[in-house]
Every structure is written in C-alpha cells, then in structure tokens.
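*Asks:* Structure below; questions to follow.
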Amino acid sequence: MNDINDLDIAIIGLNGRFPQAKDINSFWQNLKNGVESISFFSESELLDSGISSDFTKNPNYVKAGAILSDVEMFDANFFGFNPHEAELIDPQQRLFLESAWEVIESAGYDPEKYSGSIGVYAGTSSNTYFLNNIYPKLDAEDLAGAYQIMLSSEKDFLSTRVCYKLNLKGPAVLQMVIVEPLMLRLRVL
C-alpha cells in the first residue's frame with residue numbers, strides 16, 4: 001500500500017552559512033567543540049567601520065557581531081548578472097541564490113532535466129541594503145533610476161528571482177518575517 005500523499009515533503013538537501021562556518025558540517029563541528037562564532041570588536045575597529053562614538057561609548061552597546069565570510073565572492077557571471085547589477089542586489093539575496101543552487105546541486109537534481117516541479121518557499125525581512133548602502137552613493141543622474149535600482153534588491157522578488165535564475169518550475173512563495181535571517185526551503189514535487 002502506498003502511504004505517500006500530495007502533502008508529504010522530503011528534505012533532499014540542506015545548506016547554511018554561519019559565522020565561522022561555511023557550511024552545515026562546519027557549523028555542527030563548531031557546536032560540538034564549543035567554538036565561539038561571534039566576533040568581538042575593539043572601539044577603534046568600530047569607529048573605522050563607521051559606527052558612531054555615541055554608540056561605542058554607550059555601556060549597553062554590544063561590541064560584537066555575527067560575521068559571514070566570503071560574502072564578496074558572489075559569481076555574478078555564473079548566475080547571469082553583470083557585475084554592476086549584482087552589486088545592487090542585497091548581499092543576503094545573493095547568498096540565498098548561491099545557497100539554493102548548492103542545495104539543488106548537493107541533492108543531485110538538474111532543473112533542466114527533472115520532469116517534476118521544484119519550488120522555492122522563502123522567508124525574509126525588509127531590505128535595508130539599498131537604503132544604507134546604495135541610495136546614499138547615487139549621484140543626481142542615478143536618482144532617476146533609483147526606484148528601478150531599489151526594486152532589483154527588494155525582498156518581494158527573492159523567491160521568484162531564485163526560480164527564474166535556476167530555471168525552477170514549481171511555486172515561488174515568499175513570506176515576510178520579522179527576524180533578520182533568511183529561510184530557504186526547496187520543494188521537489
């Protein structure tokens with residue numbers, strides 16, 4: 001008797017990037033070995049990075065952060081972006097796209113040959129990359145296209161961009177969440 005129904009889901013791949021852990025196995029080893037993955041910063045490092053001295057002198061300000069390595073290593077050409085276009089996309093979304101590809105690759109599925117549906121169910125929070133990093137650097141000529149530039153990095157296109165770039169034919173569903181980390185679920189139907 002076949003006990004599988006249309007609501008069953010099989011997790012066929014898993015990927016993650018964490019501070020001081022480039023993948024799930026490294027993360028698990030850090031957990032097992034009690035590795036502190038949070039980076040602590042001196043006041044001069046914080047000031048050099050643009051943090052106001054008002055914050056650094058506040059006794060409640062925590063001089064630490066969760067830093068991901070190699071975020072600048074995005075292969076724009078591999079995913080069909082020109083370098084400038086990729087630079088405008090929120091780094092979280094670039095990492096998400098890389099992670100989605102790695103999950104499909106590790107699971108052994110080829111979207112070009114697979115006859116079923118592969119979908120993306122994603123969750124993300126509001127995008128601050130554009131407002132904090134791109135918009136302040138725009139000159140007067142670029143302001144005319146600021147809206148288009150903002151859209152290229154907007155959270156609402158996360159799951160559809162992944163489906164488009166990876167040629168996935170399943171549903172592309174996005175849920176806005178309040179927390180910062182991105183969540184990724186690929187469903188092979």
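Quick note on naming: the chains in the structure tokens go A, B, ... in the order shown, residues restart at 1 in each chain, and ligands are numbered from 1 in order of appearance.
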So that I can check the secondary structure, give me every residue of chain A assigned helix (DSSP H, G or I) by backbone DSSP, as a PyMOL selection string.
*Replies:* chain A and resi 24-33+43-48+53-56+71-73+83-88+91-107+129-137+140-143+146-151+155-166
*Asks:* For A:Glu85, work out the shell of residues within 9 Å, counting only C-alpha atoms and skipping chain neighbours fewer than 4 positions away, then give it as a list in words.
*Replies:*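 With the cut-off at 9 Å, the set is Ala76, Phe81, Ile89, Ile149 and Ser152 of chain A.
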*Asks:* Save out the residues we just selected, N, CA and C atoms, as a PDB file, in the first residue's frame.
*Replies:*
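Generated file (result-v1.pdb):
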ATOM      1  N   ALA A  76      28.805  36.576 -10.142  1.00  0.00           N
ATOM      2  CA  ALA A  76      27.720  37.216 -10.891  1.00  0.00           C
ATOM      3  C   ALA A  76      27.522  36.566 -12.253  1.00  0.00           C
ATOM      4  N   PHE A  81      24.260  37.586 -14.102  1.00  0.00           N
ATOM      5  CA  PHE A  81      24.220  39.010 -13.766  1.00  0.00           C
ATOM      6  C   PHE A  81      25.496  39.667 -14.278  1.00  0.00           C
ATOM      7  N   ILE A  89      22.133  44.152  -5.830  1.00  0.00           N
ATOM      8  CA  ILE A  89      21.266  43.187  -5.150  1.00  0.00           C
ATOM      9  C   ILE A  89      21.744  43.005  -3.717  1.00  0.00           C
ATOM     10  N   ILE A 149      16.417  50.662  -9.347  1.00  0.00           N
ATOM     11  CA  ILE A 149      17.544  50.090  -8.605  1.00  0.00           C
ATOM     12  C   ILE A 149      17.043  49.474  -7.301  1.00  0.00           C
ATOM     13  N   SER A 152      15.437  46.091  -7.764  1.00  0.00           N
ATOM     14  CA  SER A 152      16.342  44.982  -8.050  1.00  0.00           C
ATOM     15  C   SER A 152      16.805  44.274  -6.781  1.00  0.00           C
TER      16      SER A 152
END
*Asks:* I'd like the interatomic distance between atom CA of A:Glu72 and atom CA of A:Phe157, to a tenth of an Å.
*Replies:*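 So the two atoms, atom CA of A:Glu72 and atom CA of A:Phe157, lie 20.9 Å apart.
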*Asks:* As an MDAnalysis selection string, please: the residues near A:Val173 (cut-off 8 Å, only C-alpha atoms, same-chain neighbours under 3 positions excluded).
*Replies:* chainID A and resid 120:122 159:160
*Asks:* Quick one: residues within 9 Å of A:Asn167, only C-alpha atoms counted, chain neighbours fewer than 4 positions away excluded, as a list of chain:residue names?
*Replies:*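 Near A:Asn167, the qualifying residues are A:Pro111, A:Glu112, A:Val162, A:Cys163.
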*Asks:* Might you pull out every residue within 7 Å of stretch 100-108 of chain A, with only C-alpha atoms counted and same-chain residues fewer than 4 positions away left off, and present them as number ranges by chain?
*Replies:* A: 12-15, 96
*Asks:* Can you list, as a PyMOL selection string, every residue of stretch 86-171 of chain A that DSSP puts in strand (DSSP E or B)?
*Replies:* chain A and resi 118-124
*Asks:* Go through A:Gly16, A:Gly65, A:Pro91, A:Pro83 and flag the residue nearest A:Asn133, using only C-alpha atoms for the distances.
*Replies:*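 Result for the nearest residue to A:Asn133: A:Pro91.
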*Asks:* Counting only C-alpha atoms, what are the residues of stretch 53-81 of chain A within 12 Å of stretch 20-33 of chain A, and for each of them which pair of atoms is the nearest and at what distance in Å, to one decimal? Sort the table by chain and rising number, as a tab-separated table.
*Replies:*
residue	atom	partner	partner_atom	distance
A:Gly65	CA	A:Gln20	CA	11.6
A:Ala66	CA	A:Gln20	CA	8.7
A:Ile67	CA	A:Gln20	CA	7.5
A:Leu68	CA	A:Gln20	CA	6.8
A:Ser69	CA	A:Gln20	CA	7.1
A:Asp70	CA	A:Lys22	CA	8.8
A:Val71	CA	A:Lys22	CA	10.5
*Asks:* Generate the output file for the selected residues, N, CA and C atoms, as a tab-separated table (two decimals), in the first residue's frame.
*Replies:*
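New file part34.tsv:
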chain	number	residue	atom	x	y	z
A	65	GLY	N	29.53	41.02	16.73
A	65	GLY	CA	28.67	40.77	15.59
A	65	GLY	C	28.89	39.39	15.01
A	66	ALA	N	27.91	38.92	14.27
A	66	ALA	CA	27.98	37.63	13.59
A	66	ALA	C	28.40	37.91	12.15
A	67	ILE	N	29.63	37.61	11.81
A	67	ILE	CA	30.21	37.96	10.52
A	67	ILE	C	30.29	36.73	9.62
A	68	LEU	N	29.72	36.82	8.43
A	68	LEU	CA	29.84	35.75	7.44
A	68	LEU	C	31.05	36.03	6.56
A	69	SER	N	31.80	35.01	6.26
A	69	SER	CA	32.98	35.18	5.41
A	69	SER	C	32.61	34.99	3.94
A	70	ASP	N	33.42	35.55	3.08
A	70	ASP	CA	33.34	35.38	1.63
A	70	ASP	C	32.04	35.89	1.00
A	71	VAL	N	31.36	36.84	1.62
A	71	VAL	CA	30.12	37.35	1.02
A	71	VAL	C	30.41	38.12	-0.26
*Asks:* My list of candidates is A:Asp90, A:Lys63, A:Leu158, A:Ser153. Which is closest to A:Leu47 when distances are computed with only C-alpha atoms?
*Replies:* A:Lys63
*Asks:* Find the residues near A:Phe79: any atom within 10 Å, counting only C-alpha atoms, skip ones fewer than 2 places away on the same chain, and give them as a PyMOL selection string.
*Replies:* chain A and resi 74-77+81-82+86+94+97-98+101+162+165-166
